Amino acid sequence: MSLGDKKIKVLVIEDDEITRQAIVYGLKTKGVEIVEAENGIDGFELFLSSLPEIVITDIQLLGINGIELIKKIRKLNRDCRIIIITDSDSKDYILEAMELNILKYLLKPLDYRQFGNLMDKSIKEIEYEKDNPSLMLIKDDIFYNSYDGSIYKKDKVISILTHKEQLLFNELIKNRGRVITNHTIMNVLYYNRNVTECSIRTLIKKIRRKVGDLEIYNIRGFGYKLDL
């Protein structure tokens with residue numbers, strides 16, 4: 001564990017005790033610090049006091065539902081990874097969750113192998129980011145320096161992003177695996193001015209050309225997602 005062996009914190013919010021304990025049991029093998037809550041109100045209080053890097057929550061919670069809880073969290077923290085575990089496959093819930101930059105929307109009964117792989121990947125990414133705050137591994141031996149927008153292959157600079165390309169790529173990297181809505185992109189790049197989706201597509205094409213073969217997906221009429 002890096003950074004003086006400081007453990008990554010994971011907050012688990014789940015009202016079903018059997019499910020919560022199963023999640024906690026799986027997390028105990030990951031070398032993380034675990035905090036638990038059985039309702040949304042206690043969950044938010046624990047978020048404020050523990051400041052976890054990862055939040056795992058159900059949607060249907062007592063006191064405050066999971067979506068409202070995530071909205072409260074996102075007002076304070078846009079960077080923590082949030083995983084929803086629920087038995088609801090409602091399209092309304094899914095669309096609302098995508099707007100809140102959710103890392104993953106997992107349906108019950110939980111596939112614990114899939115969940116374990118997701119946690120391993122998330123923990124590895126968080127540890128790397130903490131050790132290298134400006135340098136990010138984006139694929140194989142390709143690195144991105146978020147400070148100056150340069151793209152490295154091993155130790156050689158292969159391209160440099162413009163300011164707007166850098167703003168957009170920073171947002172994609174920060175929310176990798178999650179959909180960023182066109183509205184969010186417009187806020188980040190143009191401060192809510194009226195911008196066409198065509199101009200966003202043009203920026204995405206330029207980033208792809210400079211960075212290489214990246215899996216940046218267009219969710220038609222909604223936004224973009226970077227898978228690493």
# chains A, B, ... in the order shown; residues from 1 in each chain; ligands from 1
>>> residues_around(residues="Met98 (chain A)", least_positions_apart="2", cutoff="12 Å", atoms="only C-alpha atoms", output="ChimeraX atom specification")
/A:67,70-71,82-84,91-96,100-105,175,177-182,184,219,222-225
>>> residues_around(residues="region 36-38 of chain A", least_positions_apart="5", cutoff="12 Å", atoms="only C-alpha atoms", output="ChimeraX atom specification")
/A:9-21,23-25,27,43-47,50,52,55-66
>>> write_last_selection(atoms="C-alpha atoms", output="short mmCIF file (atom, residue, chain, number, x, y, z; two decimals), in the first residue's frame")
data_model
loop_
_atom_site.label_atom_id
_atom_site.label_comp_id
_atom_site.auth_asym_id
_atom_site.auth_seq_id
_atom_site.Cartn_x
_atom_site.Cartn_y
_atom_site.Cartn_z
CA LYS A 9 -11.77 4.04 2.42
CA VAL A 10 -14.92 2.35 1.14
CA LEU A 11 -18.38 3.31 2.40
CA VAL A 12 -21.06 0.61 2.07
CA ILE A 13 -24.69 1.77 2.39
CA GLU A 14 -27.17 -1.10 2.21
CA ASP A 15 -30.31 -1.73 4.26
CA ASP A 16 -30.33 -5.50 3.69
CA GLU A 17 -27.95 -6.86 6.32
CA ILE A 18 -27.19 -10.11 4.47
CA THR A 19 -26.23 -8.25 1.29
CA ARG A 20 -24.24 -5.65 3.23
CA GLN A 21 -22.29 -8.27 5.15
CA ILE A 23 -20.16 -7.03 0.34
CA VAL A 24 -18.10 -6.23 3.45
CA TYR A 25 -16.78 -9.81 3.56
CA LEU A 27 -13.97 -6.11 0.66
CA GLY A 43 -24.68 6.94 5.15
CA PHE A 44 -24.38 10.65 4.38
CA GLU A 45 -23.13 11.42 7.89
CA LEU A 46 -20.47 8.71 7.49
CA PHE A 47 -19.52 10.14 4.12
CA SER A 50 -14.84 9.48 6.70
CA PRO A 52 -14.28 7.69 1.38
CA VAL A 55 -19.13 4.65 -2.12
CA ILE A 56 -21.25 1.53 -2.65
CA THR A 57 -24.96 2.17 -2.18
CA ASP A 58 -28.39 0.73 -2.78
CA ILE A 59 -31.10 2.99 -4.25
CA GLN A 60 -34.06 2.05 -2.07
CA LEU A 61 -32.90 3.21 1.36
CA LEU A 62 -34.70 4.43 4.45
CA GLY A 63 -34.53 8.13 5.34
CA ILE A 64 -33.18 9.28 1.99
CA ASN A 65 -33.09 7.23 -1.18
CA GLY A 66 -29.85 6.38 -2.95
#
>>> residues_around(residues="Ile151 (chain A)", least_positions_apart="2", cutoff="12 Å", atoms="only C-alpha atoms", output="count of residues only")
34
>>> select_by_dssp(residues="region 32-164 of chain A", states="alpha helix (DSSP H)", output="JSON, numbers by chain")
{"A": [40, 41, 42, 43, 44, 45, 46, 47, 48, 49, 50, 66, 67, 68, 69, 70, 71, 72, 73, 74, 75, 76, 91, 92, 93, 94, 95, 96, 97, 98, 99, 112, 113, 114, 115, 116, 117, 118, 119, 120, 121, 122, 123, 124, 125, 126, 127, 128, 129, 130, 131, 163, 164]}
>>> write_last_selection(atoms="C-alpha atoms", output="short mmCIF file (atom, residue, chain, number, x, y, z; two decimals), in the first residue's frame")
data_model
loop_
_atom_site.label_atom_id
_atom_site.label_comp_id
_atom_site.auth_asym_id
_atom_site.auth_seq_id
_atom_site.Cartn_x
_atom_site.Cartn_y
_atom_site.Cartn_z
CA GLY A 40 -29.25 7.00 3.68
CA ILE A 41 -29.13 9.48 6.57
CA ASP A 42 -26.43 7.59 8.46
CA GLY A 43 -24.68 6.94 5.15
CA PHE A 44 -24.38 10.65 4.38
CA GLU A 45 -23.13 11.42 7.89
CA LEU A 46 -20.47 8.71 7.49
CA PHE A 47 -19.52 10.14 4.12
CA LEU A 48 -18.91 13.55 5.73
CA SER A 49 -16.89 12.09 8.60
CA SER A 50 -14.84 9.48 6.70
CA GLY A 66 -29.85 6.38 -2.95
CA ILE A 67 -30.29 8.83 -5.83
CA GLU A 68 -30.92 11.77 -3.50
CA LEU A 69 -27.98 10.66 -1.37
CA ILE A 70 -25.68 10.62 -4.41
CA LYS A 71 -26.87 14.09 -5.42
CA LYS A 72 -25.88 15.36 -1.96
CA ILE A 73 -22.49 13.67 -2.25
CA ARG A 74 -21.88 15.07 -5.74
CA LYS A 75 -22.49 18.62 -4.49
CA LEU A 76 -19.48 18.12 -2.23
CA LYS A 91 -34.77 3.18 -16.89
CA ASP A 92 -35.57 6.35 -14.97
CA TYR A 93 -33.19 5.36 -12.17
CA ILE A 94 -30.47 4.36 -14.64
CA LEU A 95 -30.71 7.62 -16.61
CA GLU A 96 -30.70 9.70 -13.43
CA ALA A 97 -27.69 7.75 -12.16
CA MET A 98 -25.78 8.36 -15.40
CA GLU A 99 -26.27 12.10 -14.91
CA TYR A 112 -19.41 -11.23 -6.75
CA ARG A 113 -16.71 -12.09 -9.27
CA GLN A 114 -17.67 -9.07 -11.38
CA PHE A 115 -17.87 -6.95 -8.24
CA GLY A 116 -14.44 -8.14 -7.06
CA ASN A 117 -12.83 -7.36 -10.42
CA LEU A 118 -14.42 -3.89 -10.40
CA MET A 119 -13.07 -3.21 -6.91
CA ASP A 120 -9.57 -4.45 -7.81
CA LYS A 121 -9.48 -2.15 -10.85
CA SER A 122 -10.81 0.85 -8.90
CA ILE A 123 -8.37 0.39 -6.02
CA LYS A 124 -5.43 0.09 -8.41
CA GLU A 125 -6.46 3.27 -10.23
CA ILE A 126 -6.91 5.25 -6.99
CA GLU A 127 -3.51 4.15 -5.65
CA TYR A 128 -1.82 5.09 -8.93
CA GLU A 129 -3.50 8.50 -9.02
CA LYS A 130 -2.44 9.25 -5.44
CA ASP A 131 1.18 8.33 -6.16
CA HIS A 163 -6.40 23.77 -23.71
CA LYS A 164 -9.95 22.71 -24.66
#
>>> select_by_dssp(residues="region 44-207 of chain A", states="strand (DSSP E)", output="PyMOL selection string")
chain A and resi 54-57+81-86+104-107+135-139+142-145+150-153+156-160+179-181
>>> write_last_selection(atoms="C-alpha atoms", output="PDB file, in the first residue's frame")
ATOM      1  CA  ILE A  54     -15.413   4.692  -3.001  1.00  0.00           C
ATOM      2  CA  VAL A  55     -19.127   4.646  -2.121  1.00  0.00           C
ATOM      3  CA  ILE A  56     -21.251   1.529  -2.646  1.00  0.00           C
ATOM      4  CA  THR A  57     -24.958   2.166  -2.177  1.00  0.00           C
ATOM      5  CA  ARG A  81     -16.220   6.561  -7.283  1.00  0.00           C
ATOM      6  CA  ILE A  82     -19.843   5.586  -6.688  1.00  0.00           C
ATOM      7  CA  ILE A  83     -21.229   2.116  -7.351  1.00  0.00           C
ATOM      8  CA  ILE A  84     -24.963   1.425  -7.222  1.00  0.00           C
ATOM      9  CA  ILE A  85     -26.116  -2.059  -6.222  1.00  0.00           C
ATOM     10  CA  THR A  86     -29.868  -2.511  -6.548  1.00  0.00           C
ATOM     11  CA  LYS A 104     -21.222   1.192 -12.221  1.00  0.00           C
ATOM     12  CA  TYR A 105     -24.890   0.227 -11.882  1.00  0.00           C
ATOM     13  CA  LEU A 106     -24.985  -3.389 -10.675  1.00  0.00           C
ATOM     14  CA  LEU A 107     -28.162  -5.418 -10.377  1.00  0.00           C
ATOM     15  CA  LEU A 135       0.652  11.586 -14.489  1.00  0.00           C
ATOM     16  CA  MET A 136      -2.001   9.043 -15.491  1.00  0.00           C
ATOM     17  CA  LEU A 137      -1.561   5.651 -17.118  1.00  0.00           C
ATOM     18  CA  ILE A 138      -4.209   5.510 -19.832  1.00  0.00           C
ATOM     19  CA  LYS A 139      -3.265   2.338 -21.703  1.00  0.00           C
ATOM     20  CA  ILE A 142       0.864   5.430 -22.809  1.00  0.00           C
ATOM     21  CA  PHE A 143       0.801   8.123 -20.113  1.00  0.00           C
ATOM     22  CA  TYR A 144      -1.016  11.442 -19.894  1.00  0.00           C
ATOM     23  CA  ASN A 145       0.243  14.451 -17.963  1.00  0.00           C
ATOM     24  CA  SER A 150       1.329  16.064 -22.919  1.00  0.00           C
ATOM     25  CA  ILE A 151       0.951  12.455 -24.055  1.00  0.00           C
ATOM     26  CA  TYR A 152       3.908  10.125 -23.454  1.00  0.00           C
ATOM     27  CA  LYS A 153       4.814   6.770 -24.892  1.00  0.00           C
ATOM     28  CA  LYS A 156       8.889  10.221 -25.057  1.00  0.00           C
ATOM     29  CA  VAL A 157       6.301  12.955 -25.725  1.00  0.00           C
ATOM     30  CA  ILE A 158       4.226  11.963 -28.755  1.00  0.00           C
ATOM     31  CA  SER A 159       1.631  14.778 -28.729  1.00  0.00           C
ATOM     32  CA  ILE A 160       0.290  17.710 -26.707  1.00  0.00           C
ATOM     33  CA  VAL A 179     -21.007   8.527 -19.063  1.00  0.00           C
ATOM     34  CA  ILE A 180     -20.415  12.290 -19.156  1.00  0.00           C
ATOM     35  CA  THR A 181     -23.476  14.081 -20.454  1.00  0.00           C
TER      36      THR A 181
END
>>> closest_residue(among="A:Asp111, A:Glu215, A:Asp87, A:Asp140", to="Ala22 (chain A)", atoms="only C-alpha atoms")
A:Asp111
>>> decode(residues="region 93-113 of chain A", atoms="N, CA and C atoms", output="short mmCIF file (atom, residue, chain, number, x, y, z; two decimals), in the first residue's frame")
data_model
loop_
_atom_site.label_atom_id
_atom_site.label_comp_id
_atom_site.auth_asym_id
_atom_site.auth_seq_id
_atom_site.Cartn_x
_atom_site.Cartn_y
_atom_site.Cartn_z
N TYR A 93 -34.29 5.41 -13.14
CA TYR A 93 -33.19 5.36 -12.17
C TYR A 93 -31.84 5.34 -12.89
N ILE A 94 -31.74 4.51 -13.92
CA ILE A 94 -30.47 4.36 -14.64
C ILE A 94 -30.07 5.68 -15.30
N LEU A 95 -31.01 6.34 -15.95
CA LEU A 95 -30.71 7.62 -16.61
C LEU A 95 -30.31 8.68 -15.59
N GLU A 96 -31.02 8.72 -14.47
CA GLU A 96 -30.70 9.70 -13.43
C GLU A 96 -29.32 9.41 -12.84
N ALA A 97 -29.00 8.14 -12.69
CA ALA A 97 -27.69 7.75 -12.16
C ALA A 97 -26.57 8.16 -13.11
N MET A 98 -26.80 7.99 -14.41
CA MET A 98 -25.78 8.36 -15.40
C MET A 98 -25.47 9.85 -15.34
N GLU A 99 -26.47 10.65 -15.05
CA GLU A 99 -26.27 12.10 -14.91
C GLU A 99 -25.36 12.43 -13.73
N LEU A 100 -25.27 11.51 -12.77
CA LEU A 100 -24.50 11.76 -11.55
C LEU A 100 -23.11 11.12 -11.59
N ASN A 101 -22.69 10.71 -12.79
CA ASN A 101 -21.35 10.13 -12.98
C ASN A 101 -21.10 8.92 -12.08
N ILE A 102 -21.97 7.93 -12.23
CA ILE A 102 -21.84 6.68 -11.48
C ILE A 102 -20.80 5.80 -12.16
N LEU A 103 -19.95 5.15 -11.36
CA LEU A 103 -18.95 4.25 -11.93
C LEU A 103 -19.62 3.01 -12.51
N LYS A 104 -20.57 2.43 -11.76
CA LYS A 104 -21.22 1.19 -12.22
C LYS A 104 -22.59 1.06 -11.58
N TYR A 105 -23.53 0.50 -12.34
CA TYR A 105 -24.89 0.23 -11.88
C TYR A 105 -25.04 -1.29 -11.92
N LEU A 106 -24.95 -1.93 -10.75
CA LEU A 106 -24.98 -3.39 -10.67
C LEU A 106 -26.33 -3.87 -10.14
N LEU A 107 -26.87 -4.88 -10.79
CA LEU A 107 -28.16 -5.42 -10.38
C LEU A 107 -27.99 -6.61 -9.44
N LYS A 108 -28.91 -6.72 -8.48
CA LYS A 108 -28.97 -7.89 -7.61
C LYS A 108 -29.72 -9.00 -8.35
N PRO A 109 -29.44 -10.27 -8.06
CA PRO A 109 -28.39 -10.74 -7.15
C PRO A 109 -27.00 -10.40 -7.71
N LEU A 110 -26.13 -9.99 -6.82
CA LEU A 110 -24.82 -9.49 -7.21
C LEU A 110 -23.91 -10.60 -7.72
N ASP A 111 -23.24 -10.32 -8.85
CA ASP A 111 -22.20 -11.21 -9.36
C ASP A 111 -20.92 -10.83 -8.62
N TYR A 112 -20.53 -11.61 -7.62
CA TYR A 112 -19.41 -11.23 -6.75
C TYR A 112 -18.06 -11.29 -7.46
N ARG A 113 -17.96 -12.10 -8.49
CA ARG A 113 -16.71 -12.09 -9.27
C ARG A 113 -16.58 -10.78 -10.03
#
